[in-house]
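A.B. asks: Next up is a structure, given as structure tokens.
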Amino acid sequence: MLANTARTFVKARPLFAQRFYATGAGANTLLIVEHKDGAITGATLNALTAASKLGGSVTALVAGGDDAIAQSIAKYTGVSKVLTASDAAYSKNLPEDLAPLLAEVTKANSFTHVFAGHTAVGKNVLPRVAALLDVAAVSDITGVESEDTFVRPIYAGNAIATVKSNDNVKIVTVRGTAFEAAQESGNNAAVEAAPEVAKSGVTEWIGEEIQKSDRPDLGTANRVISGGRGMKNGENFKLLYDMADKMGAAVGASRAAVDAGFVDNSLQVGQTGKIVAPELYVAVGISGAIQHLAGMKDSKTIVAINKDADAPIFQVADYGLVEDLFKAVPEITEKL
């Protein structure tokens, strides 16, 4: 049966999504610009919006990128100045080289805040910057109350903490799904070279192997279809791939499906995987463990397909289909 399900868990979502904005004008913020394949990442634009809420000025640092990246970020609303460190040693975001650069740039320009997306790069580099500056890091914020006070989820999003930092420099990573992406405007911020900093030389980039896919990136897709333990095995994920191809969606998975070896861990959505907030999230054969909900409950519309009418996933779903997924998914795919 198809039903618009009860949303008992959803009562907590407005609290989770609540935004807090600062009004001070004394902040002097450094924004770390992540870029890949010649384009600025979406997480950087979300972090720019968060940094702009502090008031004051925002200086964007482009490390290891070409001039096109610097010229591009200079056009975004809220950017006061752009610093560039064009040395190729920074292009792969090795923290042993990037962290000392950020620390020196922060000290040289008397920045009061350093902001970056809560991504693999941000989580890898900014704690090192905090250690070099002998300050604490505030991670995964979802709101800004003032120049020294931030909001962040704890316990897989089941509680919201308001954290105040008394350090002279606030090192902050931003949850991308909590802030709208900044937009290009008629801005034309000045571009300058960042100070030279000696490289550590302790690590060397050898290479990488990247899995290519024609499907949208899981972290930024507008539509996501995820499978759980109910898929029974990895071969059955083909049902989701077929459905995703017709919808132009990315494919994800619960931790249970990843731990069972059904799919690669790069597809994991949840507290210890990717945190997503697409326009449409379809959970197929997923029970709705807290660990998984932490990674997708900010989705605009949630659809659950599960044969267990008592599965917790239905408590957060906007629409629920109580049906055997092996019957429901092929029928939906055929009608798309």
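Convention: chains lettered A, B, ... in structure tokens order; per-chain residue numbering from 1; ligands numbered from 1 as shown.
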Mind checking which residues fall within 9 Å of Gly26 of chain A, counting only C-alpha atoms, ignoring those fewer than 4 positions away in the same chain, and posting them as a PyMOL selection string?
C.D. replies: chain A and resi 54-57+112+147
A.B. asks: Would you pick out the contacts of segment 37-48 of chain A at 7 Å or less, using only C-alpha atoms, so that residues sharing its chain but fewer than 4 positions from it are not included, and give the list as a ChimeraX atom specification?
C.D. replies: /A:31,33,52,69,115-117,174,176,179-182
A.B. asks: Now that the selection is made, can you save its residues with all heavy atoms as a tab-separated table (two decimals), in the first residue's frame?
C.D. replies:
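Dumped everything to out_14.tsv:
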chain	number	residue	atom	x	y	z
A	31	LEU	N	39.10	31.70	3.85
A	31	LEU	CA	38.32	30.59	3.29
A	31	LEU	C	39.22	29.71	2.44
A	31	LEU	O	39.89	30.20	1.52
A	31	LEU	CB	37.17	31.13	2.43
A	31	LEU	CG	36.38	30.08	1.64
A	31	LEU	CD1	35.52	29.25	2.58
A	31	LEU	CD2	35.52	30.74	0.57
A	33	VAL	N	39.76	27.30	-0.45
A	33	VAL	CA	39.04	26.98	-1.68
A	33	VAL	C	39.47	25.60	-2.17
A	33	VAL	O	40.60	25.42	-2.64
A	33	VAL	CB	39.30	28.03	-2.78
A	33	VAL	CG1	38.57	27.66	-4.07
A	33	VAL	CG2	38.87	29.41	-2.30
A	52	SER	N	30.40	34.16	5.41
A	52	SER	CA	29.82	35.49	5.18
A	52	SER	C	28.88	35.89	6.32
A	52	SER	O	28.67	37.08	6.56
A	52	SER	CB	29.07	35.51	3.85
A	52	SER	OG	29.95	35.27	2.76
A	69	ILE	N	40.83	29.39	-11.49
A	69	ILE	CA	40.15	29.13	-10.23
A	69	ILE	C	40.09	30.41	-9.40
A	69	ILE	O	39.05	30.75	-8.83
A	69	ILE	CB	40.85	28.02	-9.44
A	69	ILE	CG1	40.86	26.71	-10.23
A	69	ILE	CG2	40.19	27.83	-8.08
A	69	ILE	CD1	39.51	26.10	-10.42
A	115	PHE	N	37.94	29.01	7.61
A	115	PHE	CA	36.77	28.19	7.28
A	115	PHE	C	37.10	27.27	6.10
A	115	PHE	O	37.80	27.66	5.17
A	115	PHE	CB	35.59	29.08	6.88
A	115	PHE	CG	34.69	29.47	8.03
A	115	PHE	CD1	35.22	30.02	9.18
A	115	PHE	CD2	33.32	29.28	7.96
A	115	PHE	CE1	34.40	30.39	10.24
A	115	PHE	CE2	32.49	29.64	9.01
A	115	PHE	CZ	33.02	30.19	10.15
A	116	ALA	N	36.55	26.07	6.15
A	116	ALA	CA	36.65	25.13	5.03
A	116	ALA	C	35.45	24.19	5.10
A	116	ALA	O	34.78	24.09	6.13
A	116	ALA	CB	37.95	24.32	5.09
A	117	GLY	N	35.17	23.52	3.99
A	117	GLY	CA	34.10	22.52	3.99
A	117	GLY	C	34.47	21.33	4.85
A	117	GLY	O	35.65	21.01	5.02
A	174	VAL	N	32.64	23.28	7.88
A	174	VAL	CA	31.23	23.58	7.68
A	174	VAL	C	30.53	22.41	7.02
A	174	VAL	O	30.99	21.91	5.98
A	174	VAL	CB	31.07	24.84	6.80
A	174	VAL	CG1	29.60	25.13	6.51
A	174	VAL	CG2	31.74	26.04	7.45
A	176	GLY	N	28.20	21.06	4.58
A	176	GLY	CA	27.71	21.66	3.34
A	176	GLY	C	26.21	21.69	3.22
A	176	GLY	O	25.63	22.64	2.67
A	179	PHE	N	24.03	24.93	4.65
A	179	PHE	CA	24.08	26.28	4.10
A	179	PHE	C	23.88	26.24	2.59
A	179	PHE	O	24.39	25.34	1.92
A	179	PHE	CB	25.42	26.96	4.41
A	179	PHE	CG	25.67	27.17	5.88
A	179	PHE	CD1	26.31	26.18	6.63
A	179	PHE	CD2	25.28	28.33	6.52
A	179	PHE	CE1	26.54	26.35	7.99
A	179	PHE	CE2	25.51	28.52	7.87
A	179	PHE	CZ	26.14	27.53	8.61
A	180	GLU	N	23.17	27.22	2.08
A	180	GLU	CA	23.02	27.34	0.64
A	180	GLU	C	24.37	27.68	0.01
A	180	GLU	O	25.22	28.31	0.63
A	180	GLU	CB	22.00	28.44	0.29
A	180	GLU	CG	20.59	28.15	0.76
A	180	GLU	CD	19.96	26.98	0.02
A	180	GLU	OE1	20.32	26.77	-1.16
A	180	GLU	OE2	19.12	26.28	0.61
A	181	ALA	N	24.55	27.28	-1.23
A	181	ALA	CA	25.79	27.61	-1.94
A	181	ALA	C	25.82	29.09	-2.30
A	181	ALA	O	24.79	29.66	-2.69
A	181	ALA	CB	25.91	26.77	-3.21
A	182	ALA	N	26.97	29.72	-2.15
A	182	ALA	CA	27.13	31.12	-2.55
A	182	ALA	C	26.98	31.22	-4.06
A	182	ALA	O	27.22	30.26	-4.80
A	182	ALA	CB	28.50	31.63	-2.11
A.B. asks: From the list A:Ala156, A:Ile210, A:Ala289, A:Met247, which residue is nearest Thr272 of chain A when using only C-alpha atoms?
C.D. replies: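 Smallest distance to Thr272 of chain A is found for A:Ala156.
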A.B. asks: If you run DSSP over the backbone, which residues in segment 38-191 of chain A end up helix (DSSP H, G or I)? Put them as a PyMOL selection string.
C.D. replies: chain A and resi 42-52+67-73+88-90+95-108+120-133+176-178
A.B. asks: Would you mind exporting N, CA and C atoms of the selected residues as a compact mmCIF listing (two decimals), in the first residue's frame?
C.D. replies:
# COMPACT_ATOMS: atom_id res chain seq x y z
N GLY A 42 31.50 22.23 -4.53
CA GLY A 42 30.30 22.77 -3.92
C GLY A 42 30.46 23.05 -2.44
N ALA A 43 31.22 22.22 -1.73
CA ALA A 43 31.42 22.41 -0.29
C ALA A 43 32.07 23.75 0.01
N THR A 44 32.94 24.22 -0.88
CA THR A 44 33.57 25.53 -0.69
C THR A 44 32.55 26.64 -0.75
N LEU A 45 31.60 26.53 -1.67
CA LEU A 45 30.59 27.58 -1.82
C LEU A 45 29.63 27.59 -0.62
N ASN A 46 29.36 26.41 -0.04
CA ASN A 46 28.58 26.36 1.18
C ASN A 46 29.35 27.00 2.34
N ALA A 47 30.64 26.71 2.40
CA ALA A 47 31.48 27.28 3.46
C ALA A 47 31.58 28.80 3.32
N LEU A 48 31.59 29.29 2.09
CA LEU A 48 31.63 30.74 1.85
C LEU A 48 30.37 31.40 2.41
N THR A 49 29.23 30.79 2.21
CA THR A 49 27.98 31.33 2.76
C THR A 49 28.07 31.39 4.28
N ALA A 50 28.57 30.32 4.90
CA ALA A 50 28.70 30.31 6.36
C ALA A 50 29.67 31.39 6.83
N ALA A 51 30.81 31.53 6.15
CA ALA A 51 31.79 32.53 6.54
C ALA A 51 31.23 33.94 6.41
N SER A 52 30.40 34.16 5.41
CA SER A 52 29.82 35.49 5.18
C SER A 52 28.88 35.89 6.32
N ASP A 67 45.12 30.10 -12.52
CA ASP A 67 44.56 31.44 -12.40
C ASP A 67 43.04 31.44 -12.60
N ALA A 68 42.54 30.49 -13.40
CA ALA A 68 41.10 30.46 -13.66
C ALA A 68 40.30 30.22 -12.39
N ILE A 69 40.83 29.39 -11.49
CA ILE A 69 40.15 29.13 -10.23
C ILE A 69 40.09 30.41 -9.40
N ALA A 70 41.22 31.11 -9.33
CA ALA A 70 41.28 32.35 -8.55
C ALA A 70 40.33 33.39 -9.12
N GLN A 71 40.30 33.52 -10.44
CA GLN A 71 39.42 34.50 -11.06
C GLN A 71 37.96 34.12 -10.85
N SER A 72 37.68 32.83 -10.80
CA SER A 72 36.31 32.38 -10.61
C SER A 72 35.80 32.68 -9.21
N ILE A 73 36.57 32.35 -8.18
CA ILE A 73 36.13 32.59 -6.81
C ILE A 73 36.04 34.08 -6.52
N ALA A 88 52.73 23.65 -7.49
CA ALA A 88 52.06 22.38 -7.77
C ALA A 88 52.08 21.43 -6.59
N ALA A 89 52.95 21.68 -5.62
CA ALA A 89 53.01 20.83 -4.43
C ALA A 89 51.72 20.86 -3.65
N TYR A 90 50.92 21.91 -3.82
CA TYR A 90 49.67 22.04 -3.09
C TYR A 90 48.47 21.46 -3.85
N PRO A 95 48.34 17.25 3.39
CA PRO A 95 48.27 18.08 4.60
C PRO A 95 49.63 18.49 5.15
N GLU A 96 50.66 17.66 4.91
CA GLU A 96 52.00 18.00 5.41
C GLU A 96 52.54 19.28 4.77
N ASP A 97 52.07 19.59 3.56
CA ASP A 97 52.49 20.83 2.90
C ASP A 97 51.45 21.94 3.06
N LEU A 98 50.18 21.55 2.99
CA LEU A 98 49.12 22.56 2.99
C LEU A 98 48.91 23.18 4.37
N ALA A 99 49.00 22.40 5.43
CA ALA A 99 48.76 22.93 6.77
C ALA A 99 49.74 24.02 7.16
N PRO A 100 51.07 23.85 6.93
CA PRO A 100 52.00 24.94 7.26
C PRO A 100 51.71 26.22 6.46
N LEU A 101 51.30 26.06 5.20
CA LEU A 101 50.95 27.22 4.39
C LEU A 101 49.78 27.98 5.03
N LEU A 102 48.73 27.26 5.40
CA LEU A 102 47.56 27.90 5.98
C LEU A 102 47.91 28.57 7.31
N ALA A 103 48.74 27.91 8.10
CA ALA A 103 49.13 28.49 9.39
C ALA A 103 49.90 29.79 9.20
N GLU A 104 50.84 29.80 8.26
CA GLU A 104 51.64 31.01 8.02
C GLU A 104 50.79 32.13 7.43
N VAL A 105 49.91 31.78 6.50
CA VAL A 105 49.03 32.80 5.90
C VAL A 105 48.12 33.39 6.97
N THR A 106 47.64 32.56 7.87
CA THR A 106 46.76 33.02 8.94
C THR A 106 47.49 34.00 9.85
N LYS A 107 48.71 33.67 10.23
CA LYS A 107 49.48 34.55 11.11
C LYS A 107 49.89 35.84 10.40
N ALA A 108 50.30 35.72 9.14
CA ALA A 108 50.76 36.90 8.40
C ALA A 108 49.66 37.92 8.16
N ALA A 120 36.72 15.51 3.09
CA ALA A 120 37.93 14.74 3.40
C ALA A 120 39.13 15.66 3.53
N VAL A 121 39.20 16.67 2.65
CA VAL A 121 40.32 17.63 2.71
C VAL A 121 40.24 18.48 3.97
N GLY A 122 39.06 19.04 4.22
CA GLY A 122 38.90 19.89 5.40
C GLY A 122 39.19 19.16 6.69
N LYS A 123 38.68 17.93 6.79
CA LYS A 123 38.88 17.14 8.01
C LYS A 123 40.32 16.69 8.15
N ASN A 124 41.05 16.61 7.06
CA ASN A 124 42.44 16.17 7.09
C ASN A 124 43.40 17.31 7.42
N VAL A 125 43.09 18.50 6.89
CA VAL A 125 44.04 19.61 6.96
C VAL A 125 43.79 20.53 8.15
N LEU A 126 42.55 20.91 8.40
CA LEU A 126 42.31 21.95 9.40
C LEU A 126 42.68 21.57 10.84
N PRO A 127 42.50 20.31 11.27
CA PRO A 127 42.99 19.97 12.61
C PRO A 127 44.51 20.16 12.74
N ARG A 128 45.23 19.93 11.67
CA ARG A 128 46.68 20.16 11.69
C ARG A 128 46.99 21.65 11.80
N VAL A 129 46.19 22.47 11.10
CA VAL A 129 46.37 23.92 11.20
C VAL A 129 46.10 24.36 12.63
N ALA A 130 45.04 23.83 13.23
CA ALA A 130 44.71 24.17 14.61
C ALA A 130 45.86 23.81 15.55
N ALA A 131 46.47 22.64 15.33
CA ALA A 131 47.59 22.22 16.18
C ALA A 131 48.79 23.16 16.00
N LEU A 132 49.06 23.55 14.76
CA LEU A 132 50.19 24.46 14.51
C LEU A 132 49.98 25.83 15.15
N LEU A 133 48.71 26.24 15.23
CA LEU A 133 48.39 27.54 15.84
C LEU A 133 48.07 27.42 17.33
N GLY A 176 28.20 21.06 4.58
CA GLY A 176 27.71 21.66 3.34
C GLY A 176 26.21 21.69 3.22
N THR A 177 25.52 20.66 3.74
CA THR A 177 24.08 20.59 3.58
C THR A 177 23.34 21.61 4.44
N ALA A 178 24.03 22.28 5.36
CA ALA A 178 23.38 23.22 6.27
C ALA A 178 23.31 24.64 5.72
A.B. asks: Select, from A:Gly320, A:Gly219, A:Gly78, A:Gly64, the residue with the minimum atom-to-atom distance to Lys274 of chain A, counting only C-alpha atoms.
C.D. replies: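 Under the stated criterion, the closest residue is A:Gly219.
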A.B. asks: Between A:Thr119, A:Asn168, A:Ser110, A:Asn158, single out the one closest to Gln291 of chain A, counting only C-alpha atoms.
C.D. replies: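 Closest to Gln291 of chain A, using only C-alpha atoms: A:Asn158.
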A.B. asks: Separation of atom CA of Ala311 of chain A and atom CA of Val329 of chain A, in Å?
C.D. replies: 17.8 Å
A.B. asks: Considering only strand (DSSP E) as DSSP defines it on the backbone, what residues of segment 33-219 of chain A qualify? List them as number ranges by chain.
C.D. replies: A: 33, 35-36, 39-40, 57-63, 81-85, 113-117, 137-141, 143-144, 149-154, 159-164, 170-174, 190-193
A.B. asks: My list of candidates is A:Leu83, A:Val62, A:Val276, A:Val282. Which is closest to Gly295 of chain A when distances are computed with only C-alpha atoms?
C.D. replies: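 Of A:Leu83, A:Val62, A:Val276, A:Val282, the one nearest Gly295 of chain A, counting only C-alpha atoms, is A:Val276.
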A.B. asks: Ranking A:Val269, A:Ala309, A:Leu239, A:Ala260 by minimum distance to Glu323 of chain A and counting only C-alpha atoms, which one comes first?
C.D. replies: A:Ala309
A.B. asks: Would you compute the distance between atom CA of Gly186 of chain A and atom CA of Ile141 of chain A? Give it in Å to one decimal.
C.D. replies: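 Taking atom CA of Gly186 of chain A as the start and atom CA of Ile141 of chain A as the end point, the length is 28.6 Å.
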A.B. asks: Which residue gives the smallest distance to Asp308 of chain A among A:Val284, A:Leu94, A:Leu240, A:Ile154, with only C-alpha atoms counted?
C.D. replies: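 Under the stated criterion, the closest residue is A:Val284.
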